[in-house]
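Note: the block below is data05.pdb and it holds PDB, C-alpha atoms.
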```pdb
ATOM      1  CA  MET P   1      44.923 -10.692 -16.561
ATOM      2  CA  SER P   2      46.507  -7.465 -15.417
ATOM      3  CA  GLU P   3      46.352  -4.975 -12.572
ATOM      4  CA  THR P   4      47.558  -1.423 -12.183
ATOM      5  CA  LEU P   5      51.210  -1.556 -11.161
ATOM      6  CA  ASN P   6      52.195  -0.279  -7.726
ATOM      7  CA  THR P   7      54.674   2.198  -9.213
ATOM      8  CA  PRO P   8      55.471   3.170 -12.793
ATOM      9  CA  SER P   9      59.069   1.957 -12.501
ATOM     10  CA  ALA P  10      58.749  -1.555 -13.924
ATOM     11  CA  SER P  11      56.172  -0.445 -16.468
ATOM     12  CA  LEU P  12      58.468   2.272 -17.794
ATOM     13  CA  ALA P  13      61.273  -0.250 -18.224
ATOM     14  CA  GLY P  14      59.761  -1.902 -21.278
ATOM     15  CA  GLY P  15      56.043  -2.182 -20.528
ATOM     16  CA  THR P  16      54.328  -5.561 -20.452
ATOM     17  CA  TRP P  17      54.057  -8.807 -22.424
ATOM     18  CA  ASP P  18      51.465 -11.582 -22.466
ATOM     19  CA  LEU P  19      52.543 -15.123 -21.608
ATOM     20  CA  GLY P  20      49.410 -16.740 -22.949
ATOM     21  CA  ASP P  21      46.643 -15.219 -20.842
ATOM     22  CA  LEU P  22      49.091 -13.915 -18.210
ATOM     23  CA  THR P  23      50.299 -10.317 -18.445
ATOM     24  CA  VAL P  24      53.766  -9.703 -16.988
ATOM     25  CA  THR P  25      56.157  -6.777 -16.848
ATOM     26  CA  ARG P  26      58.949  -7.139 -19.381
ATOM     27  CA  PHE P  27      61.325  -6.256 -16.572
ATOM     28  CA  GLY P  28      61.146  -9.188 -14.172
ATOM     29  CA  TYR P  29      63.255 -10.651 -11.397
ATOM     30  CA  GLY P  30      65.305 -13.853 -11.268
ATOM     31  CA  ALA P  31      65.484 -15.426  -7.814
ATOM     32  CA  MET P  32      68.533 -17.673  -8.317
ATOM     33  CA  GLN P  33      70.949 -15.416  -6.407
ATOM     34  CA  LEU P  34      68.803 -15.546  -3.275
ATOM     35  CA  ALA P  35      70.155 -19.022  -2.461
ATOM     36  CA  GLY P  36      73.488 -19.520  -0.726
ATOM     37  CA  PRO P  37      76.957 -19.516  -2.345
ATOM     38  CA  GLY P  38      77.048 -21.524  -5.560
ATOM     39  CA  VAL P  39      73.226 -21.543  -5.531
ATOM     40  CA  MET P  40      73.382 -24.076  -2.716
ATOM     41  CA  GLY P  41      71.828 -23.856   0.732
ATOM     42  CA  PRO P  42      70.047 -20.962   2.438
ATOM     43  CA  PRO P  43      70.991 -17.298   2.036
ATOM     44  CA  ALA P  44      73.446 -15.746   4.480
ATOM     45  CA  ASP P  45      70.903 -12.975   5.090
ATOM     46  CA  HIS P  46      67.430 -14.528   5.262
ATOM     47  CA  ASP P  47      65.620 -11.281   6.043
ATOM     48  CA  GLY P  48      67.570  -9.515   3.301
ATOM     49  CA  ALA P  49      66.395 -12.093   0.772
ATOM     50  CA  LEU P  50      62.772 -11.554   1.801
ATOM     51  CA  ALA P  51      63.302  -7.793   1.517
ATOM     52  CA  VAL P  52      64.501  -8.118  -2.086
ATOM     53  CA  LEU P  53      61.416 -10.109  -3.085
ATOM     54  CA  ARG P  54      59.078  -7.668  -1.373
ATOM     55  CA  GLU P  55      60.837  -4.719  -3.007
ATOM     56  CA  ALA P  56      60.459  -6.357  -6.417
ATOM     57  CA  ALA P  57      56.719  -6.577  -5.843
ATOM     58  CA  ALA P  58      56.604  -3.001  -4.522
ATOM     59  CA  LEU P  59      58.367  -1.772  -7.673
ATOM     60  CA  GLY P  60      55.583  -3.282  -9.755
ATOM     61  CA  ILE P  61      57.485  -6.322 -11.073
ATOM     62  CA  THR P  62      54.995  -9.074 -11.918
ATOM     63  CA  HIS P  63      57.334 -11.734 -13.379
ATOM     64  CA  VAL P  64      59.439 -13.778 -10.936
ATOM     65  CA  ASP P  65      61.639 -16.579 -12.256
ATOM     66  CA  THR P  66      62.720 -19.455 -10.016
ATOM     67  CA  SER P  67      63.433 -23.182  -9.887
ATOM     68  CA  GLY P  68      63.227 -25.959  -7.347
ATOM     69  CA  ALA P  69      66.869 -26.701  -8.173
ATOM     70  CA  TYR P  70      67.953 -23.387  -6.619
ATOM     71  CA  GLY P  71      69.109 -24.296  -3.156
ATOM     72  CA  PRO P  72      67.635 -26.856  -3.825
ATOM     73  CA  ARG P  73      64.078 -25.818  -2.851
ATOM     74  CA  VAL P  74      65.382 -22.675  -1.147
ATOM     75  CA  THR P  75      64.266 -19.838  -3.426
ATOM     76  CA  ASN P  76      60.745 -21.227  -3.866
ATOM     77  CA  ARG P  77      60.244 -21.314  -0.110
ATOM     78  CA  LEU P  78      61.607 -17.781   0.227
ATOM     79  CA  ILE P  79      59.165 -16.579  -2.430
ATOM     80  CA  ARG P  80      56.277 -18.143  -0.550
ATOM     81  CA  GLU P  81      57.394 -16.674   2.773
ATOM     82  CA  ALA P  82      57.853 -13.197   1.305
ATOM     83  CA  LEU P  83      54.911 -12.887  -1.065
ATOM     84  CA  HIS P  84      52.171 -15.435  -0.270
ATOM     85  CA  PRO P  85      49.246 -14.899  -0.617
ATOM     86  CA  TYR P  86      50.231 -13.681  -4.059
ATOM     87  CA  ALA P  87      48.782 -10.623  -5.773
ATOM     88  CA  ALA P  88      46.606 -11.557  -8.739
ATOM     89  CA  SER P  89      49.015  -9.726 -11.020
ATOM     90  CA  LEU P  90      52.117 -11.640  -9.851
ATOM     91  CA  HIS P  91      53.189 -14.602 -11.991
ATOM     92  CA  ILE P  92      55.866 -17.104 -11.008
ATOM     93  CA  VAL P  93      57.756 -18.978 -13.718
ATOM     94  CA  THR P  94      59.660 -22.086 -12.711
ATOM     95  CA  LYS P  95      61.701 -24.708 -14.509
ATOM     96  CA  VAL P  96      62.197 -28.447 -14.178
ATOM     97  CA  GLY P  97      64.555 -30.933 -15.776
ATOM     98  CA  ALA P  98      67.687 -30.616 -13.620
ATOM     99  CA  VAL P  99      68.605 -31.205  -9.989
ATOM    100  CA  ARG P 100      71.656 -30.469  -7.824
ATOM    101  CA  ASP P 101      74.266 -32.964  -6.734
ATOM    102  CA  GLN P 102      76.537 -32.814  -3.694
ATOM    103  CA  GLN P 103      79.320 -31.321  -5.815
ATOM    104  CA  GLY P 104      77.132 -28.410  -6.894
ATOM    105  CA  GLY P 105      76.551 -29.802 -10.376
ATOM    106  CA  TRP P 106      73.324 -29.672 -12.375
ATOM    107  CA  PRO P 107      72.692 -33.254 -13.576
ATOM    108  CA  PRO P 108      69.640 -33.697 -15.820
ATOM    109  CA  ALA P 109      66.449 -35.117 -14.308
ATOM    110  CA  ARG P 110      64.032 -35.473 -17.205
ATOM    111  CA  ARG P 111      62.476 -38.890 -16.688
ATOM    112  CA  PRO P 112      58.683 -38.708 -16.302
ATOM    113  CA  GLU P 113      58.915 -39.537 -12.590
ATOM    114  CA  ASP P 114      61.559 -36.819 -12.098
ATOM    115  CA  LEU P 115      59.368 -34.183 -13.717
ATOM    116  CA  ARG P 116      56.224 -35.196 -11.840
ATOM    117  CA  ARG P 117      58.112 -35.013  -8.545
ATOM    118  CA  ALA P 118      59.611 -31.625  -9.428
ATOM    119  CA  VAL P 119      56.204 -30.153 -10.269
ATOM    120  CA  ARG P 120      54.706 -31.516  -7.039
ATOM    121  CA  GLU P 121      57.568 -30.022  -5.017
ATOM    122  CA  ASP P 122      57.221 -26.640  -6.751
ATOM    123  CA  LEU P 123      53.500 -26.569  -5.993
ATOM    124  CA  GLU P 124      54.147 -27.455  -2.357
ATOM    125  CA  ASP P 125      57.038 -25.027  -1.818
ATOM    126  CA  LEU P 126      55.310 -22.116  -3.569
ATOM    127  CA  GLY P 127      51.922 -22.805  -1.970
ATOM    128  CA  LEU P 128      50.088 -23.066  -5.292
ATOM    129  CA  GLU P 129      47.513 -25.392  -6.808
ATOM    130  CA  SER P 130      48.683 -24.676 -10.358
ATOM    131  CA  LEU P 131      51.987 -23.327 -11.700
ATOM    132  CA  ASP P 132      51.684 -20.338 -14.057
ATOM    133  CA  VAL P 133      54.526 -21.332 -16.398
ATOM    134  CA  VAL P 134      56.899 -24.292 -16.315
ATOM    135  CA  ASN P 135      59.989 -24.409 -18.527
ATOM    136  CA  LEU P 136      61.550 -27.738 -19.465
ATOM    137  CA  ARG P 137      65.298 -27.335 -18.976
ATOM    138  CA  LEU P 138      67.276 -29.163 -21.635
ATOM    139  CA  GLY P 139      70.962 -29.555 -22.419
ATOM    140  CA  ASP P 140      73.475 -29.319 -19.600
ATOM    141  CA  ALA P 141      75.646 -26.767 -17.802
ATOM    142  CA  ARG P 142      77.682 -26.268 -20.989
ATOM    143  CA  GLY P 143      74.630 -25.230 -22.994
ATOM    144  CA  PRO P 144      72.000 -26.738 -25.315
ATOM    145  CA  ARG P 145      72.546 -30.235 -26.680
ATOM    146  CA  PRO P 146      70.792 -31.795 -29.687
ATOM    147  CA  GLY P 147      68.204 -34.521 -29.223
ATOM    148  CA  SER P 148      64.479 -35.059 -29.006
ATOM    149  CA  LEU P 149      62.529 -33.522 -26.130
ATOM    150  CA  ALA P 150      59.367 -35.462 -26.906
ATOM    151  CA  GLU P 151      59.176 -37.737 -23.851
ATOM    152  CA  PRO P 152      59.852 -35.140 -21.143
ATOM    153  CA  PHE P 153      57.826 -32.429 -22.864
ATOM    154  CA  GLU P 154      54.846 -34.750 -23.307
ATOM    155  CA  THR P 155      55.038 -35.496 -19.574
ATOM    156  CA  LEU P 156      54.623 -31.780 -18.866
ATOM    157  CA  VAL P 157      51.754 -31.602 -21.358
ATOM    158  CA  GLU P 158      50.074 -34.387 -19.393
ATOM    159  CA  LEU P 159      50.504 -32.421 -16.156
ATOM    160  CA  GLN P 160      49.097 -29.366 -17.926
ATOM    161  CA  ARG P 161      46.001 -31.358 -18.906
ATOM    162  CA  GLN P 162      45.617 -32.306 -15.244
ATOM    163  CA  GLY P 163      45.496 -28.615 -14.343
ATOM    164  CA  LEU P 164      48.829 -28.542 -12.491
ATOM    165  CA  ILE P 165      50.466 -26.260 -15.081
ATOM    166  CA  ARG P 166      48.896 -23.388 -17.018
ATOM    167  CA  HIS P 167      51.537 -22.685 -19.662
ATOM    168  CA  LEU P 168      54.694 -24.354 -20.974
ATOM    169  CA  GLY P 169      58.097 -23.199 -22.157
ATOM    170  CA  VAL P 170      61.558 -24.591 -22.867
ATOM    171  CA  SER P 171      64.976 -23.572 -21.573
ATOM    172  CA  ASN P 172      68.556 -24.141 -22.746
ATOM    173  CA  ALA P 173      67.116 -25.394 -26.025
ATOM    174  CA  THR P 174      68.260 -25.563 -29.639
ATOM    175  CA  ALA P 175      66.120 -24.014 -32.371
ATOM    176  CA  GLU P 176      65.207 -27.530 -33.486
ATOM    177  CA  GLN P 177      63.986 -28.432 -29.994
ATOM    178  CA  VAL P 178      61.922 -25.248 -29.839
ATOM    179  CA  ALA P 179      60.260 -26.254 -33.118
ATOM    180  CA  GLU P 180      59.683 -29.812 -31.852
ATOM    181  CA  ALA P 181      58.039 -28.503 -28.677
ATOM    182  CA  GLN P 182      55.734 -26.250 -30.705
ATOM    183  CA  ALA P 183      54.685 -29.241 -32.803
ATOM    184  CA  ILE P 184      53.618 -31.056 -29.613
ATOM    185  CA  ALA P 185      51.868 -28.239 -27.710
ATOM    186  CA  PRO P 186      51.817 -24.421 -27.549
ATOM    187  CA  ILE P 187      54.668 -22.737 -25.698
ATOM    188  CA  VAL P 188      54.685 -19.185 -24.324
ATOM    189  CA  CYS P 189      58.423 -18.662 -23.789
ATOM    190  CA  VAL P 190      61.952 -19.790 -24.537
ATOM    191  CA  GLN P 191      64.637 -19.209 -21.908
ATOM    192  CA  ASN P 192      68.183 -19.376 -23.284
ATOM    193  CA  MET P 193      71.513 -17.719 -22.642
ATOM    194  CA  TYR P 194      71.714 -14.403 -24.485
ATOM    195  CA  ASN P 195      73.230 -11.000 -23.845
ATOM    196  CA  LEU P 196      74.957  -8.117 -25.562
ATOM    197  CA  ALA P 197      78.067 -10.202 -26.290
ATOM    198  CA  TYR P 198      76.482 -13.660 -26.687
ATOM    199  CA  ARG P 199      74.160 -13.409 -29.695
ATOM    200  CA  GLN P 200      73.727 -16.977 -31.000
ATOM    201  CA  ASP P 201      69.919 -16.786 -30.814
ATOM    202  CA  ASP P 202      69.398 -13.616 -32.873
ATOM    203  CA  GLU P 203      67.488 -15.454 -35.604
ATOM    204  CA  LEU P 204      65.427 -17.440 -33.090
ATOM    205  CA  ILE P 205      64.431 -14.274 -31.200
ATOM    206  CA  ASP P 206      63.084 -12.676 -34.350
ATOM    207  CA  GLU P 207      61.214 -15.845 -35.327
ATOM    208  CA  LEU P 208      59.593 -16.112 -31.890
ATOM    209  CA  ALA P 209      58.646 -12.436 -31.921
ATOM    210  CA  GLY P 210      56.662 -13.038 -35.090
ATOM    211  CA  LYS P 211      54.753 -15.807 -33.298
ATOM    212  CA  GLY P 212      54.082 -13.830 -30.116
ATOM    213  CA  ILE P 213      56.355 -16.057 -28.028
ATOM    214  CA  ALA P 214      58.554 -14.507 -25.342
ATOM    215  CA  TYR P 215      62.309 -14.902 -25.281
ATOM    216  CA  VAL P 216      63.799 -14.730 -21.780
ATOM    217  CA  PRO P 217      67.596 -14.422 -21.707
ATOM    218  CA  PHE P 218      69.330 -15.951 -18.733
ATOM    219  CA  PHE P 219      72.705 -14.462 -17.804
ATOM    220  CA  PRO P 220      71.590 -11.148 -19.366
ATOM    221  CA  LEU P 221      74.595  -9.487 -17.731
ATOM    222  CA  GLY P 222      77.079 -12.273 -18.479
ATOM    223  CA  GLY P 223      76.349 -14.477 -15.471
ATOM    224  CA  PHE P 224      79.375 -15.575 -13.466
ATOM    225  CA  THR P 225      81.632 -13.626 -15.871
ATOM    226  CA  PRO P 226      80.090 -10.145 -16.048
ATOM    227  CA  LEU P 227      80.082  -8.396 -19.399
ATOM    228  CA  GLN P 228      83.169  -6.318 -20.099
ATOM    229  CA  SER P 229      83.594  -4.273 -23.262
ATOM    230  CA  THR P 230      85.250  -0.987 -24.107
ATOM    231  CA  ALA P 231      82.277  -0.039 -26.274
ATOM    232  CA  LEU P 232      79.853  -0.820 -23.452
ATOM    233  CA  SER P 233      81.911   1.211 -20.995
ATOM    234  CA  ASP P 234      82.129   4.122 -23.428
ATOM    235  CA  VAL P 235      78.352   4.273 -23.904
ATOM    236  CA  ALA P 236      77.805   3.971 -20.146
ATOM    237  CA  THR P 237      80.214   6.840 -19.468
ATOM    238  CA  ARG P 238      78.489   9.004 -22.047
ATOM    239  CA  LEU P 239      75.103   8.316 -20.422
ATOM    240  CA  GLU P 240      76.464   8.614 -16.870
ATOM    241  CA  ALA P 241      75.158   5.121 -16.175
ATOM    242  CA  THR P 242      76.609   1.748 -15.193
ATOM    243  CA  PRO P 243      77.610  -0.711 -17.937
ATOM    244  CA  MET P 244      75.109  -3.234 -16.569
ATOM    245  CA  SER P 245      72.272  -0.718 -16.808
ATOM    246  CA  VAL P 246      73.145  -0.047 -20.428
ATOM    247  CA  ALA P 247      73.268  -3.789 -21.174
ATOM    248  CA  LEU P 248      69.761  -4.245 -19.730
ATOM    249  CA  ALA P 249      68.407  -1.241 -21.628
ATOM    250  CA  TRP P 250      69.852  -2.645 -24.861
ATOM    251  CA  LEU P 251      68.124  -5.986 -24.314
ATOM    252  CA  LEU P 252      64.722  -4.356 -23.856
ATOM    253  CA  ARG P 253      65.214  -2.510 -27.130
ATOM    254  CA  ARG P 254      66.591  -5.520 -29.001
ATOM    255  CA  SER P 255      63.098  -6.987 -29.510
ATOM    256  CA  PRO P 256      59.665  -6.437 -27.918
ATOM    257  CA  ASN P 257      59.370 -10.124 -26.972
ATOM    258  CA  ILE P 258      62.487 -10.076 -24.758
ATOM    259  CA  LEU P 259      61.694 -10.325 -21.037
ATOM    260  CA  LEU P 260      64.398  -9.575 -18.486
ATOM    261  CA  ILE P 261      64.999 -11.561 -15.294
ATOM    262  CA  PRO P 262      68.251 -10.148 -13.841
ATOM    263  CA  GLY P 263      68.969 -11.497 -10.393
ATOM    264  CA  THR P 264      70.393  -9.867  -7.305
ATOM    265  CA  SER P 265      70.415 -10.347  -3.535
ATOM    266  CA  SER P 266      70.554  -6.592  -2.898
ATOM    267  CA  VAL P 267      67.613  -4.190  -2.668
ATOM    268  CA  ALA P 268      69.833  -1.303  -3.807
ATOM    269  CA  HIS P 269      71.069  -3.275  -6.822
ATOM    270  CA  LEU P 270      67.503  -4.264  -7.712
ATOM    271  CA  ARG P 271      66.427  -0.616  -7.746
ATOM    272  CA  GLU P 272      69.487   0.278  -9.814
ATOM    273  CA  ASN P 273      68.631  -2.419 -12.365
ATOM    274  CA  VAL P 274      65.023  -1.252 -12.703
ATOM    275  CA  THR P 275      66.049   2.367 -13.140
ATOM    276  CA  GLY P 276      68.869   1.507 -15.533
ATOM    277  CA  ALA P 277      66.673  -0.592 -17.772
ATOM    278  CA  GLY P 278      64.652   2.550 -18.485
ATOM    279  CA  LEU P 279      67.650   4.375 -19.971
ATOM    280  CA  SER P 280      67.058   6.173 -23.265
ATOM    281  CA  LEU P 281      69.507   4.872 -25.886
ATOM    282  CA  SER P 282      70.104   6.905 -29.035
ATOM    283  CA  GLY P 283      70.561   5.449 -32.495
ATOM    284  CA  GLU P 284      74.281   6.079 -32.128
ATOM    285  CA  ASP P 285      74.348   4.218 -28.801
ATOM    286  CA  LEU P 286      72.468   1.262 -30.245
ATOM    287  CA  ALA P 287      74.710   1.053 -33.305
ATOM    288  CA  GLU P 288      77.829   1.092 -31.131
ATOM    289  CA  LEU P 289      76.480  -1.546 -28.770
ATOM    290  CA  ASP P 290      75.235  -3.747 -31.579
ATOM    291  CA  LYS P 291      78.798  -4.200 -32.818
ATOM    292  CA  ILE P 292      79.816  -5.950 -29.595
ATOM    293  CA  GLY P 293      78.095  -9.202 -30.456
ATOM    294  CA  ARG P 294      78.716  -8.972 -34.208
ATOM    295  CA  GLY P 295      82.496  -8.923 -34.220
ATOM    296  CA  GLY P 296      82.934  -5.161 -34.538
ATOM    297  CA  ALA P 297      83.693  -4.402 -30.900
ATOM    298  CA  PRO P 298      84.824  -7.568 -29.107
ATOM    299  CA  ALA P 299      84.135  -8.130 -25.443
ATOM    300  CA  GLU P 300      87.292  -8.200 -23.387
TER     301      GLU P 300
END
```
Write-out of the structure in structure tokens:
Amino acid sequence: MSETLNTPSASLAGGTWDLGDLTVTRFGYGAMQLAGPGVMGPPADHDGALAVLREAAALGITHVDTSGAYGPRVTNRLIREALHPYAASLHIVTKVGAVRDQQGGWPPARRPEDLRRAVREDLEDLGLESLDVVNLRLGDARGPRPGSLAEPFETLVELQRQGLIRHLGVSNATAEQVAEAQAIAPIVCVQNMYNLAYRQDDELIDELAGKGIAYVPFFPLGGFTPLQSTALSDVATRLEATPMSVALAWLLRRSPNILLIPGTSSVAHLRENVTGAGLSLSGEDLAELDKIGRGGAPAE
């Protein structure tokens, strides 16, 4: 389903994509940074966090990414406070499969009882009867790890059959795990680390595009170590734009199935990201940027 966007901004930055029967803007918003330092505890500026979420909706963004592990349970409650009752066009994507420990770690929590509890908590905190999309988070904080996802993924399929989840995806997954998930049930998205300098999933992105499955890069701007590259800076200077804006614009042009979820706790930065993602990149720009992740222009 789809509605007319409030402003053309998000639409111009890449248009829309269908997650199953849900239409979302390719430029979305990731809520992780709304939690406190280290993604733990409440935000320092509660009203500011609500303002960011409301501005995202006002800009026409219809894809919000979150997780009960953020805070934990902080960002989901902020989303509900800021945006509930939700517009019909707004779709919230969450993920389960990890929790937070007292040291700020992300230990896995993929036993059936862990996943059922996480889905119940997401429904409660977001004020929903059914979650639009739930990603199963695999691997660990160091990245994907090999191994079967059958048991945890089948638990989510069971919850989907009960009507608690509409669509499924996987996160932090190997290509083999993506294929295993598809053999069990349809998925609408894969959420892995990917950006201009970190290109391990190039082949997977193209394969998913051919199947109509979205690829959602987390850390699209490098995460806790922001992207730095002479080539990126050179293109940004030429376009009179920020390097981060150029990096987002490149991602949208990399493949039509890429959906962006950059996070920020600043309204001004959110607006800058939306505007920057709509940059026009020439063939020369794209060729120069493409070298960054292919060994021709190393990140610094």
Once you add 4 Å to each side, what are the centre and edge lengths of the axis-aligned box holding all listed atoms of stretch 213-218 of chain P? One decimal in Å, as lines of an AutoDock Vina configuration file, if you can.
```
center_x = 62.8
center_y = -15.2
center_z = -23.4
size_x = 21.0
size_y = 9.6
size_z = 17.3
```
Measuring between all atoms listed in the file, which one of P:Ile79, P:Val119, P:Leu286, P:Val188 shows the shortest distance to P:Ala51? P:Ile79
Point-to-point distance from atom CA of P:Leu232 to atom CA of P:Asp140, Å rounded to tenths: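 For atom CA of P:Leu232 relative to atom CA of P:Asp140, the distance reads 29.5 Å.
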Quick one: apply the PyMOL selection byres ((chain P and resi 88-96) around 6) to the file and drop the selected residues here as a ChimeraX atom specification. /P:2-3,62-67,87,97-98,133-137
Interatomic distance between atom CA of P:Ala109 and atom CA of P:Gln177?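 Straight-line distance from atom CA of P:Ala109 to atom CA of P:Gln177 works out to 17.2 Å.
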Given all atoms listed in the file as the basis, pick out the residue of P:His46, P:Asp125, P:Ile292, P:Ser280 nearest to P:His84.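 Checking each of P:His46, P:Asp125, P:Ile292, P:Ser280 against P:His84, counting all atoms listed in the file, the winner is P:Asp125.
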Can you pull out every residue within 7 Å of P:Ala173, counting all atoms listed in the file, but drop anything in the same chain fewer than 6 positions away, and send it as a list in words?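 Here the qualifying residues turn out to be Leu138, Gly139, Pro144 and Asn192 of chain P.
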Pull C-alpha atoms from the residues just selected and write them as a JSON list (two decimals), keeping the file's coordinate frame.
```json
[["chain", "number", "residue", "atom", "x", "y", "z"],
["P", 138, "LEU", "CA", 67.28, -29.16, -21.64],
["P", 139, "GLY", "CA", 70.96, -29.56, -22.42],
["P", 144, "PRO", "CA", 72.00, -26.74, -25.32],
["P", 192, "ASN", "CA", 68.18, -19.38, -23.28]]
```
Could you state which residues are captured by the PyMOL selection byres ((chain P and resi 204) around 12) in this file, as a VMD selection string? chain P and resid 173 to 179 189 to 192 194 199 to 203 205 to 211 213 to 217 255 257 to 258
Given all atoms listed in the file as the basis, pick out the residue of P:Pro152, P:Gly212, P:Gly276, P:Gly28 nearest to P:Leu53.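 For P:Leu53, the nearest of the given residues is P:Gly28.
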Take the PyMOL selection byres ((chain P and resi 285) around 12), apply it to the structure above, and return the hits as a PyMOL selection string. chain P and resi 231-239+246-247+249-250+253+279-284+286-292
Top pick for closest residue to P:Pro72, considering P:Ala49, P:Ala57, P:Met40, P:Leu22 and counting all atoms listed in the file: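 Ranking P:Ala49, P:Ala57, P:Met40, P:Leu22 by distance to P:Pro72, first place goes to P:Met40.
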Can you pull out every residue within 10 Å of P:Pro112, counting all atoms listed in the file, but drop anything in the same chain fewer than 5 positions away, and send it as a list of chain:residue names?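 Skipping anything fewer than 5 positions along the chain leaves P:Gly97, P:Arg117, P:Ala118, P:Glu151, P:Pro152, P:Phe153, P:Glu154, P:Thr155, P:Leu156.
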Pick from P:Pro262, P:Asn172, P:Gly127, P:Val99, whichever lies nearest to P:Asp114 using only C-alpha atoms: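 For P:Asp114, the nearest of the candidates is P:Val99.
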So, counting all atoms listed in the file, which residue among P:Ser148, P:Gln160, P:Thr75, P:Asn195 is closest to P:Leu252?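 Answer, going by the shortest atom-to-atom distance: P:Asn195.
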How far is it from atom CA of P:Leu50 to atom CA of P:Leu131, in Å with one decimal?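 That distance, rounded to one decimal, is 20.9 Å.
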Add whatever atoms are absent from stretch 81-95 of chain P to reach N, CA, C and O atoms, and provide the output as a PDB file, in the frame of the given file.
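Full text of part24.pdb as output:
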```pdb
ATOM      1  N   GLU P  81      57.351 -17.386   1.500  1.00  0.00           N
ATOM      2  CA  GLU P  81      57.394 -16.674   2.773  1.00  0.00           C
ATOM      3  C   GLU P  81      57.245 -15.166   2.581  1.00  0.00           C
ATOM      4  O   GLU P  81      56.568 -14.484   3.354  1.00  0.00           O
ATOM      5  N   ALA P  82      57.853 -14.643   1.520  1.00  0.00           N
ATOM      6  CA  ALA P  82      57.853 -13.197   1.305  1.00  0.00           C
ATOM      7  C   ALA P  82      56.564 -12.683   0.683  1.00  0.00           C
ATOM      8  O   ALA P  82      56.104 -11.583   1.032  1.00  0.00           O
ATOM      9  N   LEU P  83      55.957 -13.452  -0.211  1.00  0.00           N
ATOM     10  CA  LEU P  83      54.911 -12.887  -1.065  1.00  0.00           C
ATOM     11  C   LEU P  83      53.545 -13.582  -0.994  1.00  0.00           C
ATOM     12  O   LEU P  83      52.577 -13.067  -1.549  1.00  0.00           O
ATOM     13  N   HIS P  84      53.451 -14.724  -0.361  1.00  0.00           N
ATOM     14  CA  HIS P  84      52.171 -15.435  -0.270  1.00  0.00           C
ATOM     15  C   HIS P  84      51.311 -14.832   0.843  1.00  0.00           C
ATOM     16  O   HIS P  84      51.838 -14.532   1.919  1.00  0.00           O
ATOM     17  N   PRO P  85      50.005 -14.620   0.607  1.00  0.00           N
ATOM     18  CA  PRO P  85      49.246 -14.899  -0.617  1.00  0.00           C
ATOM     19  C   PRO P  85      49.614 -13.922  -1.731  1.00  0.00           C
ATOM     20  O   PRO P  85      49.797 -12.730  -1.486  1.00  0.00           O
ATOM     21  N   TYR P  86      49.721 -14.456  -2.945  1.00  0.00           N
ATOM     22  CA  TYR P  86      50.231 -13.681  -4.059  1.00  0.00           C
ATOM     23  C   TYR P  86      49.180 -12.728  -4.628  1.00  0.00           C
ATOM     24  O   TYR P  86      47.992 -13.064  -4.705  1.00  0.00           O
ATOM     25  N   ALA P  87      49.655 -11.545  -5.050  1.00  0.00           N
ATOM     26  CA  ALA P  87      48.782 -10.623  -5.773  1.00  0.00           C
ATOM     27  C   ALA P  87      48.330 -11.281  -7.066  1.00  0.00           C
ATOM     28  O   ALA P  87      49.064 -12.080  -7.668  1.00  0.00           O
ATOM     29  N   ALA P  88      47.135 -10.961  -7.509  1.00  0.00           N
ATOM     30  CA  ALA P  88      46.606 -11.557  -8.739  1.00  0.00           C
ATOM     31  C   ALA P  88      47.479 -11.245  -9.945  1.00  0.00           C
ATOM     32  O   ALA P  88      47.521 -12.016 -10.907  1.00  0.00           O
ATOM     33  N   SER P  89      48.191 -10.130  -9.882  1.00  0.00           N
ATOM     34  CA  SER P  89      49.015  -9.726 -11.020  1.00  0.00           C
ATOM     35  C   SER P  89      50.388 -10.393 -11.038  1.00  0.00           C
ATOM     36  O   SER P  89      51.103 -10.309 -12.037  1.00  0.00           O
ATOM     37  N   LEU P  90      50.786 -11.050  -9.941  1.00  0.00           N
ATOM     38  CA  LEU P  90      52.117 -11.640  -9.851  1.00  0.00           C
ATOM     39  C   LEU P  90      52.130 -13.040 -10.461  1.00  0.00           C
ATOM     40  O   LEU P  90      51.291 -13.880 -10.116  1.00  0.00           O
ATOM     41  N   HIS P  91      53.095 -13.295 -11.344  1.00  0.00           N
ATOM     42  CA  HIS P  91      53.189 -14.602 -11.991  1.00  0.00           C
ATOM     43  C   HIS P  91      54.583 -15.181 -11.803  1.00  0.00           C
ATOM     44  O   HIS P  91      55.589 -14.517 -12.067  1.00  0.00           O
ATOM     45  N   ILE P  92      54.612 -16.424 -11.325  1.00  0.00           N
ATOM     46  CA  ILE P  92      55.866 -17.104 -11.008  1.00  0.00           C
ATOM     47  C   ILE P  92      56.143 -18.150 -12.088  1.00  0.00           C
ATOM     48  O   ILE P  92      55.301 -18.996 -12.384  1.00  0.00           O
ATOM     49  N   VAL P  93      57.328 -18.052 -12.665  1.00  0.00           N
ATOM     50  CA  VAL P  93      57.756 -18.978 -13.718  1.00  0.00           C
ATOM     51  C   VAL P  93      58.846 -19.867 -13.134  1.00  0.00           C
ATOM     52  O   VAL P  93      59.838 -19.368 -12.584  1.00  0.00           O
ATOM     53  N   THR P  94      58.662 -21.163 -13.237  1.00  0.00           N
ATOM     54  CA  THR P  94      59.660 -22.086 -12.711  1.00  0.00           C
ATOM     55  C   THR P  94      60.179 -22.982 -13.820  1.00  0.00           C
ATOM     56  O   THR P  94      59.702 -22.931 -14.960  1.00  0.00           O
ATOM     57  N   LYS P  95      61.172 -23.792 -13.501  1.00  0.00           N
ATOM     58  CA  LYS P  95      61.701 -24.708 -14.509  1.00  0.00           C
ATOM     59  C   LYS P  95      62.046 -26.033 -13.854  1.00  0.00           C
ATOM     60  O   LYS P  95      62.432 -26.087 -12.682  1.00  0.00           O
TER      61      LYS P  95
END
```
